[in-house]
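What follows is the content of query00.txt, which has compact mmCIF, C-alpha atoms and all ligand atoms:
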# COMPACT_ATOMS: atom_id res chain seq x y z
CA MET A 28 110.60 78.89 104.21
CA LEU A 29 109.90 77.22 100.89
CA LYS A 30 106.41 76.73 99.53
CA GLU A 31 105.49 75.01 96.33
CA MET A 32 103.22 77.00 94.05
CA PRO A 33 99.87 75.26 93.43
CA THR A 34 99.94 73.32 90.16
CA THR A 35 96.49 74.47 89.21
CA GLY A 36 95.04 77.78 90.25
CA ARG A 37 92.00 78.26 92.45
CA GLU A 38 88.86 80.34 91.96
CA TRP A 39 89.22 84.01 92.83
CA SER A 40 86.06 83.92 94.98
CA VAL A 41 87.64 81.20 97.13
CA LEU A 42 90.96 83.03 97.37
CA LYS A 43 89.23 86.28 98.23
CA GLN A 44 87.38 84.68 101.12
CA GLU A 45 90.60 83.11 102.35
CA MET A 46 92.36 86.47 102.29
CA ILE A 47 89.55 88.10 104.25
CA ASP A 48 89.69 85.29 106.82
CA ARG A 49 93.45 85.70 107.17
CA GLY A 50 92.82 89.25 108.40
CA ASN A 51 90.78 88.03 111.39
CA ASP A 52 93.72 88.24 113.79
CA ASP A 53 94.94 91.61 112.53
CA ALA A 54 94.75 94.81 114.57
CA LYS A 55 91.14 96.06 114.71
CA TRP A 56 91.71 99.35 112.89
CA ARG A 57 88.21 99.47 111.43
CA GLU A 58 86.87 99.76 114.98
CA GLY A 59 89.30 102.60 115.67
CA LYS A 60 91.44 100.41 117.93
CA THR A 61 94.77 101.20 116.32
CA ALA A 62 96.58 104.51 116.56
CA VAL A 63 99.64 103.65 114.47
CA TYR A 64 100.14 102.37 110.90
CA VAL A 65 96.62 103.17 109.62
CA PHE A 66 94.90 106.49 108.92
CA ASN A 67 91.14 106.18 108.94
CA ALA A 68 89.45 109.18 107.35
CA GLY A 69 86.14 107.41 106.78
CA GLU A 70 84.47 105.07 104.29
CA ASP A 71 83.98 107.71 101.62
CA VAL A 72 87.67 108.64 101.47
CA ALA A 73 88.58 104.93 101.40
CA ARG A 74 86.28 104.44 98.42
CA VAL A 75 87.83 107.34 96.52
CA GLN A 76 91.33 105.94 97.25
CA LYS A 77 90.41 102.47 95.99
CA GLU A 78 88.54 103.48 92.85
CA ALA A 79 91.08 106.15 91.88
CA TYR A 80 93.94 103.70 92.53
CA THR A 81 92.47 100.99 90.31
CA LEU A 82 91.79 103.46 87.47
CA TYR A 83 95.55 103.87 86.96
CA MET A 84 96.81 100.69 88.60
CA SER A 85 98.46 99.36 85.43
CA GLU A 86 99.96 102.64 84.29
CA ASN A 87 103.56 103.44 85.18
CA GLY A 88 104.90 106.72 86.51
CA LEU A 89 108.24 105.79 84.94
CA GLY A 90 106.86 106.78 81.54
CA PRO A 91 105.68 110.40 81.52
CA LEU A 92 105.66 110.44 77.70
CA ALA A 93 103.43 107.36 77.57
CA PHE A 94 101.21 108.58 80.39
CA PRO A 95 100.86 112.36 80.30
CA SER A 96 97.83 111.82 82.55
CA LEU A 97 100.04 110.67 85.42
CA LYS A 98 102.62 113.38 84.78
CA GLN A 99 99.88 115.99 84.99
CA MET A 100 98.37 114.50 88.15
CA GLU A 101 101.81 114.31 89.78
CA GLU A 102 102.54 117.93 88.88
CA GLU A 103 99.23 119.04 90.34
CA VAL A 104 99.73 117.05 93.56
CA ILE A 105 103.22 118.53 93.96
CA GLY A 106 101.88 121.98 93.13
CA MET A 107 99.22 121.70 95.83
CA GLY A 108 101.78 120.43 98.35
CA LEU A 109 104.17 123.29 97.57
CA HIS A 110 101.37 125.82 97.76
CA LEU A 111 100.30 124.55 101.19
CA LEU A 112 103.89 124.63 102.43
CA HIS A 113 104.79 128.13 101.17
CA GLY A 114 107.01 126.98 98.31
CA PRO A 115 108.34 129.93 96.30
CA ASP A 116 107.59 130.25 92.55
CA ASP A 117 110.58 128.19 91.48
CA SER A 118 110.04 125.40 94.02
CA SER A 119 109.68 121.86 92.77
CA GLY A 120 109.24 118.28 93.90
CA THR A 121 108.39 114.67 93.15
CA ILE A 122 106.02 112.01 94.41
CA THR A 123 107.91 109.15 96.08
CA SER A 124 106.83 105.82 97.53
CA GLY A 125 106.89 107.01 101.16
CA GLY A 126 108.58 109.10 103.80
CA THR A 127 111.71 106.97 103.93
CA ASP A 128 112.05 107.32 100.17
CA SER A 129 111.52 111.11 100.34
CA ILE A 130 114.14 111.48 103.07
CA ASN A 131 116.68 109.32 101.26
CA MET A 132 116.20 111.34 98.09
CA ALA A 133 116.54 114.66 99.92
CA VAL A 134 119.77 113.43 101.52
CA LYS A 135 121.05 112.31 98.12
CA ALA A 136 120.30 115.75 96.71
CA ALA A 137 122.04 117.50 99.62
CA ARG A 138 125.10 115.26 99.27
CA ASP A 139 125.38 115.87 95.54
CA TYR A 140 124.84 119.59 96.08
CA ALA A 141 127.72 119.60 98.59
CA ARG A 142 129.87 117.74 96.05
CA SER A 143 128.98 120.27 93.38
CA ILE A 144 130.24 123.16 95.48
CA ASN A 145 133.23 121.14 96.67
CA THR A 146 132.96 121.99 100.36
CA VAL A 147 133.46 118.56 101.90
CA SER A 148 136.85 116.91 102.27
CA GLY A 149 136.15 114.00 104.67
CA THR A 150 133.14 111.78 105.32
CA PRO A 151 130.02 113.92 104.94
CA ASN A 152 127.80 114.05 108.03
CA ILE A 153 124.20 114.89 108.90
CA VAL A 154 123.39 116.70 112.15
CA MET A 155 119.95 115.85 113.50
CA PRO A 156 118.03 115.77 116.77
CA PHE A 157 117.80 112.44 118.62
CA SER A 158 114.07 112.47 117.81
CA ALA A 159 114.60 112.39 114.01
CA HIS A 160 113.27 109.37 112.11
CA PRO A 161 115.46 106.30 111.43
CA ALA A 162 115.02 107.00 107.71
CA PHE A 163 118.02 109.36 108.11
CA ASP A 164 120.09 106.49 109.56
CA LYS A 165 119.16 104.40 106.54
CA ALA A 166 120.24 107.18 104.20
CA CYS A 167 123.58 107.40 106.04
CA ILE A 168 124.06 103.64 105.85
CA MET A 169 123.32 103.55 102.15
CA MET A 170 125.36 106.58 101.13
CA GLY A 171 128.30 106.11 103.49
CA LEU A 172 127.54 109.23 105.52
CA GLU A 173 128.08 109.83 109.21
CA LYS A 174 124.99 110.43 111.33
CA ARG A 175 125.23 112.76 114.30
CA ARG A 176 122.20 112.37 116.56
CA ILE A 177 122.22 115.16 119.12
CA PRO A 178 120.27 114.83 122.41
CA VAL A 179 117.08 116.89 122.51
CA GLY A 180 116.58 119.59 125.14
CA SER A 181 114.49 119.13 128.28
CA ASP A 182 111.53 120.38 126.18
CA LEU A 183 112.13 117.35 123.88
CA LEU A 184 112.80 119.69 120.94
CA ALA A 185 115.91 119.94 118.78
CA ASP A 186 118.67 121.58 120.84
CA VAL A 187 119.86 124.17 118.35
CA SER A 188 123.01 125.23 120.18
CA ALA A 189 124.12 121.63 120.74
CA MET A 190 123.44 120.95 117.06
CA SER A 191 125.50 124.02 116.19
CA ASP A 192 128.41 122.61 118.19
CA ALA A 193 128.12 119.32 116.32
CA CYS A 194 128.53 120.88 112.87
CA ASP A 195 131.87 120.96 111.10
CA GLU A 196 133.21 121.48 107.59
CA ASN A 197 131.93 118.05 106.55
CA THR A 198 128.31 118.67 107.55
CA ILE A 199 126.02 118.47 104.53
CA MET A 200 122.60 118.68 106.18
CA LEU A 201 120.79 119.92 109.27
CA VAL A 202 117.49 118.25 110.12
CA GLY A 203 114.42 119.44 112.00
CA SER A 204 111.11 117.60 112.28
CA ALA A 205 107.63 119.10 112.00
CA PRO A 206 106.70 117.25 114.08
CA SER A 207 108.97 114.45 115.31
CA PHE A 208 107.27 111.05 115.27
CA PRO A 209 108.03 110.04 118.90
CA TYR A 210 106.87 113.24 120.60
CA GLY A 211 104.59 114.84 118.00
CA LEU A 212 106.32 118.18 118.67
CA ILE A 213 107.49 120.69 116.07
CA ASP A 214 111.22 121.49 116.33
CA PRO A 215 112.24 125.19 116.38
CA ILE A 216 112.57 125.47 112.59
CA GLU A 217 113.16 129.25 112.55
CA GLU A 218 116.11 128.88 114.93
CA LEU A 219 117.47 125.98 112.93
CA GLY A 220 117.06 128.24 109.90
CA LYS A 221 119.26 130.88 111.51
CA LEU A 222 121.88 128.26 112.27
CA ALA A 223 121.72 126.96 108.69
CA THR A 224 122.11 130.46 107.30
CA ASP A 225 125.03 131.28 109.63
CA LYS A 226 126.87 128.14 108.63
CA GLY A 227 125.75 127.99 105.01
CA LEU A 228 124.10 124.60 105.51
CA TRP A 229 121.25 122.75 103.84
CA LEU A 230 118.24 122.55 106.21
CA HIS A 231 115.78 119.70 105.65
CA VAL A 232 112.43 119.78 107.42
CA ASP A 233 110.99 116.32 107.91
CA ALA A 234 107.26 117.04 107.77
CA CYS A 235 106.41 113.45 106.83
CA VAL A 236 103.72 113.23 109.50
CA GLY A 237 102.96 116.97 109.75
CA GLY A 238 103.11 118.38 106.24
CA TYR A 239 99.51 117.64 105.35
CA ILE A 240 97.97 118.36 108.74
CA ALA A 241 99.80 121.41 110.15
CA PRO A 242 98.63 123.87 107.44
CA PHE A 243 94.99 122.95 108.09
CA VAL A 244 95.30 123.00 111.87
CA ARG A 245 96.71 126.51 111.44
CA MET A 246 93.76 127.46 109.18
CA ASN A 247 91.51 126.12 111.95
CA GLY A 248 93.01 128.73 114.27
CA ALA A 249 95.94 127.09 116.06
CA ASN A 250 99.13 129.07 116.52
CA ILE A 251 101.51 126.86 114.52
CA PRO A 252 105.02 128.35 114.31
CA PRO A 253 106.69 128.75 110.89
CA PHE A 254 107.99 125.31 109.88
CA ASP A 255 108.01 125.15 106.08
CA PHE A 256 109.49 127.04 103.08
CA GLU A 257 108.26 130.20 104.78
CA VAL A 258 111.55 129.84 106.67
CA GLU A 259 114.05 131.01 104.04
CA ALA A 260 116.81 128.58 104.98
CA VAL A 261 114.67 125.48 104.40
CA LYS A 262 116.06 123.84 101.27
CA SER A 263 114.00 120.64 101.21
CA MET A 264 111.02 118.99 102.90
CA SER A 265 109.48 115.55 103.12
CA ALA A 266 105.69 115.33 103.55
CA ASP A 267 103.75 112.07 103.35
CA LEU A 268 100.53 111.90 101.36
CA HIS A 269 99.77 108.47 102.84
CA LYS A 270 99.67 109.81 106.39
CA TYR A 271 97.57 112.92 107.14
CA GLY A 272 97.02 113.45 103.40
CA TYR A 273 94.70 110.40 103.67
CA CYS A 274 95.95 109.10 100.32
CA ALA A 275 96.53 105.45 99.42
CA LYS A 276 99.75 103.96 100.77
CA GLY A 277 102.88 104.28 98.69
CA ALA A 278 102.72 108.07 98.33
CA SER A 279 104.84 110.85 99.78
CA THR A 280 106.25 114.12 98.48
CA VAL A 281 109.85 115.34 98.49
CA LEU A 282 109.97 119.07 97.90
CA PHE A 283 112.79 121.52 97.10
CA ARG A 284 113.09 125.29 97.33
CA SER A 285 114.21 125.44 93.69
CA GLU A 286 114.32 123.39 90.52
CA GLN A 287 118.10 123.71 90.63
CA LEU A 288 118.32 122.05 94.07
CA LYS A 289 115.93 119.31 92.93
CA ASN A 290 118.19 118.55 89.95
CA HIS A 291 120.78 117.14 92.38
CA MET A 292 118.28 114.37 93.19
CA ILE A 293 117.75 113.16 89.63
CA PHE A 294 119.49 110.10 88.18
CA ASP A 295 120.50 110.31 84.54
CA CYS A 296 121.95 107.04 83.25
CA ASP A 297 122.98 106.23 79.70
CA ASP A 298 125.65 103.53 79.92
CA TRP A 299 123.73 100.39 78.95
CA PRO A 300 122.11 99.07 75.77
CA GLY A 301 118.61 100.21 76.73
CA GLY A 302 119.08 103.90 76.04
CA ARG A 303 119.10 106.90 78.30
CA MET A 304 117.11 106.49 81.52
CA VAL A 305 116.27 109.52 83.59
CA THR A 306 114.40 108.98 86.87
CA PRO A 307 113.64 111.54 89.56
CA THR A 308 114.12 109.00 92.36
CA LEU A 309 115.70 105.60 92.96
CA ALA A 310 112.61 103.81 91.67
CA GLY A 311 112.26 102.68 88.09
CA THR A 312 108.66 101.59 87.91
CA ARG A 313 106.40 103.87 89.91
CA PRO A 314 102.81 102.77 90.65
CA GLY A 315 100.38 104.94 88.72
CA GLY A 316 97.69 104.15 91.25
CA ALA A 317 99.52 105.83 94.13
CA ILE A 318 99.71 109.01 92.04
CA SER A 319 96.11 108.92 90.78
CA ALA A 320 94.72 108.11 94.24
CA ALA A 321 96.63 111.04 95.75
CA TRP A 322 95.30 113.39 93.08
CA ALA A 323 91.75 112.14 93.61
CA VAL A 324 91.76 112.36 97.42
CA MET A 325 93.22 115.88 97.41
CA ASN A 326 90.59 117.05 94.96
CA TYR A 327 87.83 115.13 96.72
CA LEU A 328 88.55 116.66 100.13
CA GLY A 329 89.75 120.12 99.11
CA ILE A 330 90.75 122.64 101.74
CA ASP A 331 87.37 122.51 103.46
CA GLY A 332 87.44 118.72 103.63
CA TYR A 333 90.95 118.63 105.10
CA LYS A 334 90.10 121.35 107.60
CA ALA A 335 87.11 119.31 108.79
CA LYS A 336 89.07 116.02 108.98
CA GLN A 337 92.00 117.63 110.79
CA LYS A 338 89.62 119.27 113.26
CA MET A 339 88.29 115.81 114.10
CA VAL A 340 91.88 114.74 114.78
CA THR A 341 92.74 117.70 117.00
CA ASP A 342 89.37 117.50 118.79
CA ALA A 343 90.03 113.83 119.55
CA ARG A 344 93.50 114.76 120.76
CA ILE A 345 92.13 117.39 123.15
CA VAL A 346 89.54 115.00 124.60
CA ILE A 347 92.21 112.35 125.11
CA GLU A 348 94.63 114.87 126.63
CA ARG A 349 92.09 115.87 129.26
CA GLY A 350 91.15 112.26 129.92
CA VAL A 351 94.67 110.95 130.36
CA GLU A 352 95.65 113.89 132.56
CA SER A 353 92.74 113.06 134.86
CA LEU A 354 94.22 109.55 135.15
CA GLY A 355 97.54 110.97 136.32
CA PHE A 356 99.42 110.93 133.02
CA ARG A 357 101.65 113.81 131.97
CA ILE A 358 101.57 114.88 128.30
CA LEU A 359 105.05 115.29 126.81
CA GLY A 360 105.43 118.90 125.69
CA ASN A 361 102.67 120.82 123.96
CA PRO A 362 101.49 118.76 120.99
CA GLN A 363 99.48 120.70 118.39
CA LEU A 364 98.82 118.14 115.68
CA GLY A 365 97.72 114.47 115.66
CA ILE A 366 100.43 112.74 117.72
CA ILE A 367 100.57 112.71 121.52
CA ALA A 368 102.71 110.84 124.02
CA TYR A 369 102.21 110.69 127.79
CA SER A 370 104.14 109.30 130.68
CA HIS A 371 103.10 108.43 134.23
CA ALA A 372 104.94 109.11 137.46
CA GLU A 373 103.50 106.15 139.39
CA VAL A 374 102.55 103.29 137.10
CA ASP A 375 104.71 101.45 134.58
CA VAL A 376 103.35 102.64 131.23
CA TYR A 377 104.60 99.52 129.46
CA ALA A 378 102.45 97.42 131.77
CA VAL A 379 99.53 99.72 130.96
CA TYR A 380 100.34 99.25 127.28
CA SER A 381 100.08 95.49 127.75
CA GLN A 382 96.70 95.83 129.45
CA MET A 383 95.46 97.99 126.59
CA TYR A 384 96.74 95.42 124.10
CA LEU A 385 94.72 92.74 125.90
CA ARG A 386 91.68 95.02 125.49
CA GLY A 387 92.22 95.07 121.72
CA TRP A 388 94.24 98.29 121.34
CA PHE A 389 97.24 98.45 119.05
CA THR A 390 99.11 101.67 119.61
CA SER A 391 102.71 102.75 120.09
CA LEU A 392 105.34 103.62 122.70
CA THR A 393 108.30 105.86 123.27
CA THR A 394 111.45 104.78 125.10
CA GLU A 395 113.02 108.07 126.28
CA PRO A 396 111.09 108.91 128.36
CA LYS A 397 108.88 105.83 128.61
CA ALA A 398 105.47 106.91 127.37
CA LEU A 399 102.32 105.75 125.63
CA HIS A 400 101.99 107.12 122.10
CA LEU A 401 99.00 107.75 119.83
CA MET A 402 98.87 108.86 116.22
CA LEU A 403 95.23 109.85 115.84
CA SER A 404 92.91 109.68 112.82
CA PRO A 405 89.61 111.48 112.20
CA PHE A 406 87.76 108.27 113.10
CA HIS A 407 89.17 108.32 116.63
CA ILE A 408 86.74 111.07 117.61
CA GLU A 409 84.15 108.23 117.71
CA VAL A 410 86.08 106.10 120.18
CA THR A 411 87.63 108.51 122.69
CA ASP A 412 85.25 107.33 125.45
CA THR A 413 86.02 103.67 124.81
CA TYR A 414 89.74 104.42 124.80
CA LEU A 415 89.64 106.39 128.03
CA ASN A 416 87.45 103.81 129.81
CA ASP A 417 89.81 101.03 128.77
CA LEU A 418 92.79 103.13 129.85
CA LYS A 419 91.22 103.73 133.26
CA ASP A 420 90.64 99.97 133.67
CA SER A 421 94.18 99.25 132.50
CA VAL A 422 95.74 101.69 134.97
CA GLU A 423 93.65 100.14 137.75
CA ALA A 424 94.72 96.65 136.72
CA VAL A 425 98.38 97.69 136.86
CA ARG A 426 97.92 99.50 140.18
CA SER A 427 96.39 96.34 141.63
CA GLY A 428 99.43 94.32 140.67
CA ASN A 429 98.74 93.03 137.17
CA THR A 430 102.02 93.71 135.42
CA ASP A 431 102.02 91.08 132.66
CA SER A 432 104.26 92.46 130.02
CA ILE A 433 103.53 91.73 126.41
CA THR A 434 105.27 94.72 124.86
CA GLU A 435 107.11 92.39 122.47
CA ALA A 436 103.83 92.45 120.56
CA ARG A 437 104.65 95.97 119.55
CA TYR A 438 107.81 94.92 117.79
CA SER A 439 107.04 91.50 116.38
C1 LIG B 501 106.39 108.16 109.03
C2 LIG B 501 107.57 109.04 109.14
C3 LIG B 501 108.68 108.87 108.32
C4 LIG B 501 108.84 107.69 107.38
O1 LIG B 501 107.78 107.55 106.49
P1 LIG B 501 107.41 106.13 105.84
O2 LIG B 501 106.32 106.51 104.90
O3 LIG B 501 106.97 105.23 106.95
O4 LIG B 501 108.61 105.62 105.13
C5 LIG B 501 109.71 109.78 108.44
N1 LIG B 501 109.65 110.79 109.31
C6 LIG B 501 108.59 110.97 110.14
C7 LIG B 501 108.59 112.13 111.08
C8 LIG B 501 107.52 110.10 110.08
O5 LIG B 501 106.48 110.26 110.90
Output the file's structure in the form of structure tokens.
Ligand SMILES: *Cc1c(COP(=O)(O)O)cnc(C)c1O
Amino acid sequence: MLKEMPTTGREWSVLKQEMIDRGNDDAKWREGKTAVYVFNAGEDVARVQKEAYTLYMSENGLGPLAFPSLKQMEEEVIGMGLHLLHGPDDSSGTITSGGTDSINMAVKAARDYARSINTVSGTPNIVMPFSAHPAFDKACIMMGLEKRRIPVGSDLLADVSAMSDACDENTIMLVGSAPSFPYGLIDPIEELGKLATDKGLWLHVDACVGGYIAPFVRMNGANIPPFDFEVEAVKSMSADLHKYGYCAKGASTVLFRSEQLKNHMIFDCDDWPGGRMVTPTLAGTRPGGAISAAWAVMNYLGIDGYKAKQKMVTDARIVIERGVESLGFRILGNPQLGIIAYSHAEVDVYAVYSQMYLRGWFTSLTTEPKALHLMLSPFHIEVTDTYLNDLKDSVEAVRSGNTDSITEARYS
């Protein structure tokens, strides 16, 4: 599609109104009617994100010498992330643009580490549970690696013995999720750690959607199993600030057990006329605002603030669990954080999804098994009754023969 740029510009006030109007058909996240894509931690957090972002919007994380402010804020954000996730003294990390970026950079580090110790003779491979995020597929595509997705067990968790069987001398990484996105369940990281130690393998824990909620849910009293650097074999982790860290989008953390492991991630290029260029990740320019907003939100909420927000999430989850069970749904596994998925023995959940969509809800699905999926935010505690009433109506509509399917809406 081509479009000619306007010859003369228009007033900002006019453009602004047009942009607002264009959002009219978007998912109604401000009313709490989405449970995917957006994390709503309240107006006050949104204000901190926006103001802190604009304060450093023009500055560039590419230039730590020019902007020691950003370097300091990044170090402090990483330090807080490592502290929450039991990083040892020498642990280290970097802010990236998102979970996919963090995962790709961790895979790059693991590959270059394997090269440095000369263990791999054929095509390097990554052994992961079927439930792992497609970001690992992307990393394999980009770096010419082989992906080995191993079916999960009947508990929908990583099947450690099947993963063990899938490893060979060319395996460069084992993956566990804390939790997996589709099921919201934490893989058995300690057992994966034993496997990694036995085989001398790099274990990556993908805590993109759990890294900044699980520690606080544990502080609130839940019995969360060890999933982070507390497990000795964990070499790297991905944890997204722009998910349950409630930071502005474009911010994740990739974390390493040691500075030495992190060094395998770094690019150091000198063969061009512009001088030596050292970047921690693939990015050149890095938005200062994503870094400053992350620093501000973490310091604005503090441990008490996160504990309170995450309690709203888990409280909402518990109310919804009870409600959907009373409608005949079965919760997949034993979710402990902010994601739940539930299937139904009698009604087609995709038809229910369509009915919910017609009632203004934009949520998610899983395919194996077929289930409805929610990724909850603190704000959802306000709308659990509305959700459950609409779900009851939707199930009734499907039971009485209304099976219009509009699930394409989820993917378009
Ligand atoms: C969201 C997510 C990712 C990818 O993160 P993006 O920020 O969307 O790139 C990876 N893994 C898990 C488990 C996730 O939930």
**OP:** Grab me every residue within 7 Å of ligand LIG 501 (chain B), counting all atoms listed in the file, and send it over as a PyMOL selection string.
**Re:** chain A and resi 125-128+159-160+162+204+206-208+233-236+267+279
Original post:
In Å, how far is it from CA of Ala249 in chain A to CA of Lys397 in chain A?
Top reply: 27.9 Å
Subject >> Selected residue of minimal separation from Leu401 in chain A among A:Arg344, A:Lys221, A:Lys98, A:Lys334, counting all atoms listed in the file >> reply: A:Arg344
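All protein, DNA and RNA residues at most 7 Å from (119.5, 105.8, 96.2) are Asn131, Met132, Lys135 and Leu309 of chain A, using all atoms listed in the file.
Taking CA of Leu288 in chain A as the reference point, CA of Ile177 in chain A is found at 26.3 Å.
Here CA of Phe94 in chain A and CA of Arg313 in chain A stand 11.8 Å from one another.
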Output as lines of an AutoDock Vina configuration file the centre and edge lengths (Å, one decimal) of the box along x, y and z of the file that holds every listed atom of range 197-216 of chain A after adding 6 Å on each side.
center_x = 118.3
center_y = 117.8
center_z = 112.6
size_x = 39.3
size_y = 27.4
size_z = 28.1
**OP:** Pick out the residues sitting within 10 Å of Ala266 in chain A, and hand them over as a ChimeraX atom specification; count only C-alpha atoms, and ignore anything fewer than 5 positions along from it in its own chain.
**Re:** /A:108,112,122-123,125-126,129-130,205,232-240,271-272,278-282
So that each row is one residue of range 355-425 of chain A with an atom at most 12 Å from range 213-217 of chain A, can you give its shortest atom pair and the distance in Å to one decimal, using all atoms listed in the file, rows by chain and rising number, as a tab-separated table?
residue	atom	partner	partner_atom	distance
A:Gly360	CA	A:Ile213	CA	10.0
A:Asn361	CA	A:Ile213	CA	9.2
A:Pro362	CA	A:Ile213	CA	8.0
A:Gln363	CA	A:Ile213	CA	8.3
A:Leu364	CA	A:Ile213	CA	9.0
A:Gly365	CA	A:Ile213	CA	11.6
A:Ile366	CA	A:Ile213	CA	10.8
A:Ile367	CA	A:Ile213	CA	11.9
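For the set A:Phe283, A:Phe389, A:Tyr384, A:Trp229, the residue with the smallest atom-to-atom gap to Val154 in chain A is A:Trp229, counting all atoms listed in the file.
In terms of minimum interatomic distance to Asp417 in chain A, A:Val379 ranks closest within A:Met84, A:Leu392, A:Leu111, A:Val379, counting all atoms listed in the file.
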Original post:
Between A:Ser191, A:Thr341, A:Ser319, A:Asn326, which one has atoms that come closest to Glu78 in chain A, using all atoms listed in the file?
Top reply: A:Ser319
**OP:** For each of A:Val65, A:Leu183, A:Ile330, A:Met46, take the minimum atom-to-atom distance to His110 in chain A, counting all atoms listed in the file, then give the residue where this is smallest.
**Re:** A:Ile330
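Those residues that approach Met304 in chain A to within 8 Å, counting only C-alpha atoms, are A:Phe294, A:Asp295, A:Cys296, A:Asp297; same-chain residues fewer than 4 positions away are not listed.
Nearest-residue note for Leu359 in chain A: choosing from A:Ala398, A:Cys194, A:Ile47, A:Ala189, the minimum distance belongs to A:Ala398, counting all atoms listed in the file.
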Original post:
Quick one: residues within 10 Å of Val346 in chain A, all atoms listed in the file counted, chain neighbours fewer than 3 positions away excluded, as a list in words?
Top reply: Thr341, Asp342, Ala343, Arg349, Gly350, Val351, Ile408, Thr411, Asp412 and Leu415 of chain A
